[in-house]
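target-v3.cif (mmCIF, C-alpha atoms) appears below.
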```
data_entry
#
loop_
_atom_site.label_atom_id
_atom_site.label_comp_id
_atom_site.auth_asym_id
_atom_site.auth_seq_id
_atom_site.Cartn_x
_atom_site.Cartn_y
_atom_site.Cartn_z
CA ASP A 1 -23.35 25.63 6.50
CA GLU A 2 -25.61 23.61 8.80
CA LYS A 3 -27.22 21.88 5.82
CA GLN A 4 -23.80 21.00 4.43
CA ARG A 5 -22.67 19.71 7.82
CA LEU A 6 -25.73 17.45 8.14
CA SER A 7 -25.25 16.21 4.59
CA SER A 8 -21.63 15.33 5.42
CA GLN A 9 -22.76 13.38 8.48
CA VAL A 10 -25.33 11.45 6.43
CA ASN A 11 -22.79 10.64 3.72
CA HIS A 12 -20.22 9.48 6.27
CA ALA A 13 -22.76 7.33 8.10
CA PHE A 14 -23.80 5.68 4.83
CA ASN A 15 -20.24 5.14 3.62
CA ALA A 16 -19.14 3.75 6.97
CA ALA A 17 -22.11 1.35 7.09
CA LEU A 18 -21.39 0.18 3.54
CA THR A 19 -17.70 -0.36 4.26
CA ARG A 20 -18.45 -2.30 7.44
CA SER A 21 -21.03 -4.46 5.67
CA LEU A 22 -18.75 -5.32 2.74
CA LEU A 23 -15.80 -6.16 4.98
CA HIS A 24 -17.90 -8.32 7.30
CA TYR A 25 -19.82 -10.17 4.57
CA HIS A 26 -16.94 -10.88 2.20
CA PHE A 27 -13.94 -11.06 4.54
CA GLY A 28 -15.26 -11.64 8.05
CA LEU A 29 -13.59 -8.43 9.23
CA HIS A 30 -14.86 -6.13 11.96
CA MET A 31 -14.39 -2.38 11.51
CA PRO A 32 -15.84 -0.74 14.66
CA SER A 33 -13.85 2.49 14.38
CA LEU A 34 -14.39 4.80 11.39
CA PRO A 35 -14.47 8.29 12.91
CA GLU A 36 -16.13 11.15 11.06
CA GLY A 37 -13.82 13.64 9.39
CA ARG A 38 -11.38 10.92 8.31
CA LEU A 39 -11.23 8.92 5.09
CA CYS A 40 -13.67 6.01 4.92
CA PRO A 41 -11.95 3.55 2.55
CA PRO A 42 -13.80 2.23 -0.52
CA VAL A 43 -13.44 -1.54 -0.28
CA PRO A 44 -13.26 -2.56 -4.00
CA ASN A 45 -10.19 -0.56 -5.00
CA ARG A 46 -8.43 -1.50 -1.76
CA CYS A 47 -9.05 -5.16 -2.60
CA ASN A 48 -7.68 -4.62 -6.10
CA TYR A 49 -4.50 -3.16 -4.69
CA VAL A 50 -3.81 -5.92 -2.15
CA ALA A 51 -4.64 -8.66 -4.68
CA TRP A 52 -2.15 -7.17 -7.14
CA LEU A 53 0.45 -6.76 -4.39
CA LYS A 54 0.15 -10.40 -3.38
CA GLN A 55 0.46 -11.54 -6.98
CA LEU A 56 3.56 -9.37 -7.29
CA LEU A 57 5.15 -11.03 -4.26
CA LEU A 58 4.24 -14.53 -5.37
CA SER A 59 5.93 -13.92 -8.71
CA ASN A 60 9.31 -13.27 -7.03
CA SER A 61 10.56 -16.82 -7.56
CA THR A 62 9.97 -16.62 -11.30
CA ASP A 63 10.72 -12.95 -11.98
CA LEU A 64 13.64 -11.96 -9.73
CA TYR A 65 17.10 -13.56 -9.71
CA ARG A 66 17.60 -13.59 -5.93
CA PHE A 67 14.39 -15.58 -5.37
CA CYS A 68 14.89 -18.03 -8.25
CA ASN A 69 14.14 -21.65 -7.22
CA SER A 70 13.56 -20.58 -3.62
CA GLY A 71 10.39 -22.56 -3.14
CA SER A 72 8.85 -22.97 0.31
CA ASP A 73 5.80 -24.67 1.76
CA LEU A 74 5.05 -21.60 3.84
CA LEU A 75 5.55 -18.04 2.63
CA HIS A 76 6.33 -15.40 5.24
CA TYR A 77 5.94 -11.79 4.11
CA ARG A 78 6.73 -8.66 6.09
CA GLY A 79 5.50 -5.30 4.90
CA ILE A 80 5.06 -1.63 5.76
CA ASP A 81 1.82 0.28 5.30
CA ILE A 82 2.69 3.99 5.20
CA GLY A 83 -0.27 6.16 6.18
CA THR A 84 -2.46 3.31 7.39
CA GLY A 85 -5.32 5.71 8.28
CA VAL A 86 -8.13 5.12 10.75
CA SER A 87 -9.11 1.80 9.17
CA ALA A 88 -5.77 -0.04 8.74
CA ILE A 89 -7.62 -1.72 5.89
CA TYR A 90 -4.61 -2.98 3.92
CA PRO A 91 -3.04 -5.08 6.70
CA LEU A 92 -6.47 -6.31 7.78
CA LEU A 93 -7.39 -7.44 4.27
CA LEU A 94 -4.12 -9.28 3.72
CA LYS A 95 -4.55 -11.12 7.02
CA THR A 96 -7.88 -12.65 5.92
CA LYS A 97 -8.21 -16.24 4.72
CA LEU A 98 -8.83 -15.13 1.15
CA PHE A 99 -5.34 -13.63 0.87
CA ALA A 100 -3.69 -16.40 2.88
CA LYS A 101 -4.24 -18.76 -0.04
CA SER A 102 -1.46 -18.89 -2.60
CA ASP A 103 -2.72 -21.50 -5.04
CA GLU A 104 -4.04 -18.91 -7.50
CA LEU A 105 -0.51 -18.63 -8.90
CA LYS A 106 0.22 -21.62 -11.11
CA CYS A 107 3.69 -22.30 -9.81
CA GLU A 108 4.93 -25.64 -8.50
CA THR A 109 6.90 -24.03 -5.69
CA HIS A 110 3.97 -22.08 -4.21
CA LYS A 111 0.96 -24.17 -3.25
CA SER A 112 0.60 -23.55 0.44
CA THR A 113 -0.40 -20.64 2.64
CA THR A 114 0.96 -17.16 3.21
CA THR A 115 1.59 -15.42 6.52
CA TRP A 116 1.91 -11.66 6.95
CA LYS A 117 3.54 -9.35 9.48
CA PHE A 118 2.92 -5.61 9.24
CA LEU A 119 4.22 -2.30 10.44
CA ALA A 120 1.47 0.31 9.96
CA THR A 121 2.50 3.96 10.40
CA ASP A 122 0.69 7.28 10.50
CA ILE A 123 1.28 10.87 11.60
CA ASP A 124 -2.26 11.31 12.99
CA PRO A 125 -2.86 10.24 16.64
CA VAL A 126 -6.58 9.80 15.88
CA ALA A 127 -5.71 7.40 13.06
CA ILE A 128 -3.33 5.45 15.29
CA GLU A 129 -5.93 5.03 18.03
CA SER A 130 -8.65 4.05 15.56
CA ALA A 131 -6.38 1.61 13.68
CA CYS A 132 -5.45 -0.06 16.98
CA ASN A 133 -9.13 -0.48 17.81
CA ASN A 134 -9.83 -2.14 14.45
CA ILE A 135 -6.80 -4.40 14.70
CA GLY A 136 -7.75 -5.40 18.23
CA ALA A 137 -11.35 -6.11 17.18
CA ASN A 138 -9.98 -8.72 14.76
CA ASN A 139 -7.47 -10.20 17.25
CA LEU A 140 -4.47 -9.31 15.09
CA LYS A 141 -2.28 -7.34 17.50
CA ASP A 142 0.41 -10.04 17.33
CA ASP A 143 0.75 -9.64 13.55
CA ILE A 144 0.15 -5.92 12.96
CA CYS A 145 1.99 -3.30 14.98
CA VAL A 146 1.05 0.38 14.67
CA ALA A 147 3.50 3.25 15.07
CA LEU A 148 2.95 6.99 15.35
CA VAL A 149 5.64 8.92 13.45
CA ASP A 150 6.54 12.59 13.57
CA GLU A 151 3.95 14.72 11.78
CA ASN A 152 6.78 16.91 10.48
CA ALA A 153 8.53 13.95 8.88
CA SER A 154 8.95 14.87 5.22
CA ARG A 155 10.50 11.47 4.49
CA PRO A 156 7.73 8.95 5.22
CA LEU A 157 9.73 5.82 4.37
CA PHE A 158 12.70 6.87 6.49
CA ALA A 159 10.35 7.58 9.41
CA ALA A 160 8.76 4.13 9.02
CA MET A 161 12.13 2.35 8.91
CA GLU A 162 13.26 4.20 12.02
CA ALA A 163 10.08 3.02 13.77
CA SER A 164 10.71 -0.57 12.62
CA LYS A 165 14.01 -0.68 14.54
CA LYS A 166 12.03 -0.54 17.78
CA GLU A 167 9.85 -3.57 16.95
CA PRO A 168 11.35 -6.98 17.87
CA MET A 169 8.77 -8.84 15.76
CA PHE A 170 10.60 -7.78 12.58
CA PHE A 171 13.92 -9.31 13.58
CA GLN A 172 14.61 -13.02 13.30
CA GLN A 173 15.82 -13.20 16.89
CA ARG A 174 14.82 -11.00 19.75
CA GLU A 175 18.37 -10.64 20.99
CA GLN A 176 19.44 -9.34 17.58
CA VAL A 177 17.66 -6.06 18.38
CA GLU A 178 20.02 -5.45 21.28
CA ARG A 179 23.11 -6.75 19.51
CA VAL A 180 22.70 -4.80 16.27
CA HIS A 181 20.60 -1.91 17.43
CA ASP A 182 21.62 0.36 14.55
CA GLU A 183 20.58 -2.07 11.79
CA TYR A 184 17.20 -2.00 10.01
CA PRO A 185 15.08 -5.13 9.59
CA LYS A 186 14.27 -6.44 6.12
CA PHE A 187 10.85 -6.17 4.49
CA ASP A 188 9.31 -7.71 1.40
CA PHE A 189 7.27 -4.67 0.45
CA VAL A 190 6.10 -1.15 1.17
CA MET A 191 2.59 -0.04 0.30
CA THR A 192 0.91 3.36 0.51
CA ASN A 193 -2.15 5.31 -0.54
CA PRO A 194 -0.48 8.74 -0.77
CA PRO A 195 -1.99 12.17 -0.09
CA PHE A 196 -3.31 13.47 -3.41
CA TYR A 197 -3.06 17.25 -2.89
CA ALA A 198 -0.24 19.77 -2.67
CA THR A 199 -2.11 22.74 -1.12
CA VAL A 200 -4.74 23.28 1.56
CA GLU A 201 -6.98 24.92 -1.04
CA GLU A 202 -7.05 21.72 -3.10
CA VAL A 203 -8.13 19.71 -0.07
CA THR A 204 -10.85 22.08 1.13
CA THR A 205 -12.39 23.69 -1.97
CA PRO A 206 -15.02 22.00 -4.20
CA ARG A 207 -13.94 20.39 -7.45
CA ALA A 208 -13.54 22.82 -10.33
CA GLY A 209 -15.58 20.78 -12.82
CA ASP A 210 -18.78 19.64 -11.11
CA LYS A 211 -18.43 21.73 -7.91
CA ARG A 212 -18.78 18.61 -5.76
CA SER A 213 -17.26 18.84 -2.30
CA ARG A 214 -14.12 16.86 -1.62
CA THR A 215 -14.16 13.45 0.01
CA ASP A 216 -14.47 13.58 3.78
CA ILE A 217 -10.77 13.66 4.58
CA SER A 218 -8.32 15.19 7.06
CA LEU A 219 -5.41 17.41 6.08
CA SER A 220 -2.91 14.73 7.07
CA GLU A 221 -4.63 12.25 4.74
CA GLY A 222 -5.06 14.62 1.81
CA LEU A 223 -2.10 17.02 1.92
CA TYR A 224 1.62 16.53 1.35
CA LYS A 225 4.09 19.42 1.07
CA SER A 226 7.79 18.98 0.48
CA ALA A 227 10.17 20.03 3.22
CA ASP A 228 11.88 22.70 1.13
CA ASP A 229 8.67 23.94 -0.57
CA CYS A 230 10.59 23.78 -3.85
CA SER A 231 9.96 20.16 -4.79
CA GLU A 232 6.59 18.96 -5.97
CA GLY A 233 3.93 18.11 -3.40
CA GLY A 234 0.82 15.93 -3.53
CA ASP A 235 1.00 12.29 -4.59
CA VAL A 236 3.92 12.83 -6.98
CA GLY A 237 6.00 14.57 -4.30
CA PHE A 238 5.10 11.94 -1.69
CA ILE A 239 6.13 9.02 -3.90
CA GLU A 240 9.26 10.84 -5.10
CA SER A 241 10.24 11.13 -1.43
CA ILE A 242 9.85 7.35 -1.10
CA ILE A 243 11.91 6.88 -4.28
CA HIS A 244 14.66 9.03 -2.76
CA ASP A 245 14.69 6.96 0.43
CA SER A 246 14.46 3.68 -1.48
CA LEU A 247 17.99 4.29 -2.77
CA HIS A 248 19.17 4.03 0.82
CA PHE A 249 16.99 1.03 1.73
CA GLN A 250 17.31 -0.91 -1.53
CA ARG A 251 18.87 -3.88 0.31
CA HIS A 252 16.26 -3.83 3.06
CA ILE A 253 13.05 -3.77 1.00
CA THR A 254 12.25 -5.81 -2.10
CA TRP A 255 9.20 -4.07 -3.60
CA TYR A 256 8.09 -0.46 -3.24
CA THR A 257 4.45 0.04 -4.27
CA SER A 258 1.80 2.76 -4.32
CA LEU A 259 -1.82 3.31 -5.33
CA ILE A 260 -2.28 6.29 -7.67
CA ALA A 261 -5.43 8.21 -8.57
CA LYS A 262 -4.36 10.21 -11.64
CA ARG A 263 -2.84 9.15 -14.95
CA SER A 264 -0.68 12.30 -15.01
CA SER A 265 0.80 11.34 -11.63
CA LEU A 266 1.51 7.80 -12.85
CA ASN A 267 3.34 9.14 -15.90
CA ALA A 268 5.42 11.57 -13.83
CA ILE A 269 6.44 8.89 -11.33
CA TYR A 270 7.25 6.37 -14.07
CA GLN A 271 9.49 8.89 -15.81
CA LYS A 272 11.24 9.60 -12.52
CA LEU A 273 11.87 5.90 -11.89
CA GLN A 274 13.45 5.53 -15.32
CA THR A 275 16.25 7.85 -14.20
CA VAL A 276 17.01 6.08 -10.91
CA GLU A 277 20.32 4.23 -10.74
CA GLY A 278 19.79 0.53 -10.16
CA ILE A 279 16.39 0.45 -11.85
CA TYR A 280 16.76 2.07 -15.25
CA GLY A 281 17.81 -0.25 -18.08
CA ASN A 282 16.47 -3.53 -16.65
CA ARG A 283 12.90 -3.96 -17.83
CA GLY A 284 10.74 -5.79 -15.33
CA GLN A 285 11.90 -3.82 -12.33
CA ILE A 286 9.09 -1.28 -12.77
CA ARG A 287 5.54 -2.62 -12.82
CA THR A 288 2.28 -0.77 -13.41
CA VAL A 289 -1.33 -1.89 -13.36
CA GLU A 290 -4.68 -0.26 -14.13
CA PHE A 291 -7.57 -1.04 -11.81
CA HIS A 292 -11.12 -0.93 -13.23
CA GLN A 293 -14.26 -1.38 -11.22
CA GLU A 294 -16.83 -3.50 -13.07
CA ASN A 295 -20.56 -2.85 -12.76
CA ILE A 296 -23.18 -5.42 -13.76
CA ASP A 297 -26.05 -4.04 -15.82
CA SER A 298 -28.99 -6.07 -14.51
CA GLU A 299 -30.99 -5.61 -17.71
CA ARG A 300 -28.24 -6.35 -20.20
CA LYS A 301 -26.38 -8.78 -17.90
CA LYS A 302 -23.21 -7.17 -19.14
CA LYS A 303 -20.16 -5.86 -17.35
CA GLN A 304 -19.52 -2.16 -17.73
CA SER A 305 -16.35 -0.37 -16.70
CA SER A 306 -16.74 2.32 -14.08
CA PRO A 307 -15.24 5.71 -14.97
CA ARG A 308 -13.33 5.61 -11.68
CA VAL A 309 -9.93 4.20 -12.55
CA ARG A 310 -6.97 3.74 -10.25
CA TRP A 311 -3.40 2.70 -11.00
CA GLY A 312 -0.72 0.85 -9.12
CA ILE A 313 3.02 1.26 -9.51
CA ALA A 314 5.85 -0.84 -8.10
CA TRP A 315 9.62 -0.89 -8.39
CA THR A 316 12.47 -3.00 -7.11
CA TYR A 317 16.26 -2.92 -7.09
CA GLU A 318 16.42 -6.70 -7.42
CA ARG A 319 17.50 -7.72 -10.90
CA ALA A 320 14.64 -9.05 -13.02
CA MET A 321 14.79 -12.32 -14.94
CA GLY A 322 14.69 -12.38 -18.73
CA ARG A 323 11.26 -12.27 -20.30
CA CYS A 324 11.64 -15.55 -22.23
CA SER A 325 11.33 -18.50 -19.84
CA SER A 326 13.08 -20.88 -22.26
CA CYS A 327 16.23 -18.72 -22.06
CA ARG A 328 16.51 -18.79 -18.28
CA VAL A 329 19.39 -20.80 -16.82
CA ARG A 330 18.27 -22.94 -13.90
CA GLY A 331 20.52 -24.36 -11.22
CA GLY A 332 23.76 -23.15 -12.79
#
```

What does this structure look like when you write it as structure tokens?
Amino acid sequence: DEKQRLSSQVNHAFNAALTRSLLHYHFGLHMPSLPEGRLCPPVPNRCNYVAWLKQLLLSNSTDLYRFCNSGSDLLHYRGIDIGTGVSAIYPLLLKTKLFAKSDELKCETHKSTTTWKFLATDIDPVAIESACNNIGANNLKDDICVALVDENASRPLFAAMEASKKEPMFFQQREQVERVHDEYPKFDFVMTNPPFYATVEEVTTPRAGDKRSRTDISLSEGLYKSADDCSEGGDVGFIESIIHDSLHFQRHITWYTSLIAKRSSLNAIYQKLQTVEGIYGNRGQIRTVEFHQENIDSERKKKQSSPRVRWGIAWTYERAMGRCSSCRVRGG
């Protein structure tokens, strides 16, 4: 047990040092707080996710009816990060200069910069304290607010939206909070890296195949159980809970997105979304992407795909434009 404990400490120290180095070198971010026993985020797949999310948002003016021809010199996006963890890595990455540029999308209406405002939620007090430290270290407290939600909240999106009502920064006017105190603010997106496991045994026992120990992770980060213990848990159950709440908040949030670790989970969630009223039947309202990490073989100078694959899924209740650009009616 002592040997395993020391090995875990060494692995965490290495992973934390690597994460800090990558974030500082490539993004100019400081990550002073990465406590042991909590998930240390791999930087590459987090970057893949936020890059895809930004591209998704930038495509609104060409892909969704409500945003058609709504060009602006400055794009303001407001989003929710559910389960931000000890690092708050998603909001921090999107606030860097790299993701403030919008000229990578070849669209005449979007050639300027992007600004971001975030609500980052978590059920773990340790994560909240650590996330605040990292946000403060990068002087971003005015753009990223962190909220602790009830650990017994089985509806993570509903809990986040309830927390957003208390934050004046998400309303257009400060006095609007007092005047319409029972209204929710509007957001452009929700993002989450959901808990993967449905039972404590899955979180704590070694993998069945190679007997490797699980990633250094807390129960709140790795485990999700449905409130009634009848519905599915794990990542599928977590995202299905968000789907359920999205029906209520479909006029408050444009895109709902999630990172997914298993193909079987992606398939289950996609099938569920195809039965949801307001989404099914309009192709383009459900988006998926497959993230591959590329390794460079120094001898062959050739890119090789890593076996570690992740997926992203997104859905919206906004009606999608037709696929053929020549058939779109403009200005009518």

### Task
Apply the PyMOL selection byres ((chain A and resi 160) around 10) to the structure shown and report the selected residues as a VMD selection string.
chain A and resid 80 to 83 119 to 122 147 to 150 153 155 to 159 161 to 165 190

Please determine an axis-aligned box that encloses all atoms of range 214-223 of chain A listed in the file, with 4 Å added on each side, and express its centre and edge lengths in Å to one decimal as JSON.
```
{"center_x": -8.3, "center_y": 14.8, "center_z": 2.7, "size_x": 20.4, "size_y": 13.2, "size_z": 16.7}
```

### Query
Between A:Arg20, A:Lys97, A:His12, A:Arg287, which has the minimum distance to Trp255 in chain A (counting all atoms listed in the file)?
A:Arg287

### Task
Can you work out which one of A:Leu34, A:Asp235, A:Leu223, A:Phe189 has the shortest atom-to-atom distance to Glu201 in chain A, counting all atoms listed in the file?
A:Leu223

### Message
To one decimal place in Å, what is the distance between CA of Lys262 in chain A and CA of Asn60 in chain A?
### Response
27.6 Å

### Query
Do you know which residues are at most 9 Å from Val200 in chain A counting all atoms listed in the file, after dropping those on the same chain fewer than 4 positions away, and could you put them as a PyMOL selection string?
chain A and resi 204-205+219+222-223

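Residue nearest Arg283 in chain A within the list A:Ile217, A:Val203, A:Val236, A:Leu64: A:Leu64 [criterion: smallest interatomic distance, all atoms listed in the file].
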
### Task
Translate the PyMOL selection byres ((chain A and resi 266) around 10), as applied to the file shown, into an explicit residue set as a ChimeraX atom specification.
/A:235-236,258-265,267-272,288,310-313

### Query
A:Asn11, A:Ser218, A:Thr19, A:Thr114: which is nearest Leu58 in chain A, counting only C-alpha atoms?
A:Thr114

Would you translate the PyMOL selection byres ((chain A and resi 247) around 12) into the concrete set of residues it matches in this file, as a PDB file with C-alpha atoms, keeping the file's coordinate frame?
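Saved as selection.pdb:
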```pdb
ATOM      1  CA  LEU A 157       9.730   5.820   4.370  1.00  0.00           C
ATOM      2  CA  PHE A 158      12.700   6.870   6.490  1.00  0.00           C
ATOM      3  CA  GLU A 240       9.260  10.840  -5.100  1.00  0.00           C
ATOM      4  CA  SER A 241      10.240  11.130  -1.430  1.00  0.00           C
ATOM      5  CA  ILE A 242       9.850   7.350  -1.100  1.00  0.00           C
ATOM      6  CA  ILE A 243      11.910   6.880  -4.280  1.00  0.00           C
ATOM      7  CA  HIS A 244      14.660   9.030  -2.760  1.00  0.00           C
ATOM      8  CA  ASP A 245      14.690   6.960   0.430  1.00  0.00           C
ATOM      9  CA  SER A 246      14.460   3.680  -1.480  1.00  0.00           C
ATOM     10  CA  HIS A 248      19.170   4.030   0.820  1.00  0.00           C
ATOM     11  CA  PHE A 249      16.990   1.030   1.730  1.00  0.00           C
ATOM     12  CA  GLN A 250      17.310  -0.910  -1.530  1.00  0.00           C
ATOM     13  CA  ARG A 251      18.870  -3.880   0.310  1.00  0.00           C
ATOM     14  CA  HIS A 252      16.260  -3.830   3.060  1.00  0.00           C
ATOM     15  CA  ILE A 253      13.050  -3.770   1.000  1.00  0.00           C
ATOM     16  CA  THR A 254      12.250  -5.810  -2.100  1.00  0.00           C
ATOM     17  CA  TYR A 256       8.090  -0.460  -3.240  1.00  0.00           C
ATOM     18  CA  LEU A 273      11.870   5.900 -11.890  1.00  0.00           C
ATOM     19  CA  VAL A 276      17.010   6.080 -10.910  1.00  0.00           C
ATOM     20  CA  GLU A 277      20.320   4.230 -10.740  1.00  0.00           C
ATOM     21  CA  GLY A 278      19.790   0.530 -10.160  1.00  0.00           C
ATOM     22  CA  ILE A 279      16.390   0.450 -11.850  1.00  0.00           C
ATOM     23  CA  TRP A 315       9.620  -0.890  -8.390  1.00  0.00           C
ATOM     24  CA  THR A 316      12.470  -3.000  -7.110  1.00  0.00           C
ATOM     25  CA  TYR A 317      16.260  -2.920  -7.090  1.00  0.00           C
TER      26      TYR A 317
END
```

### Task
Grab the CA of Lys166 in chain A to CA of Ile128 in chain A distance for me, in Å with one decimal place.
16.7 Å

### Query
What is the distance, in Å and to one decimal place, between CA of Thr192 in chain A and CA of Gly234 in chain A?
13.2 Å

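For the set A:Val50, A:Ile135, A:Ile123, A:Val43, the residue with the smallest atom-to-atom gap to His30 in chain A is A:Ile135, counting all atoms listed in the file.
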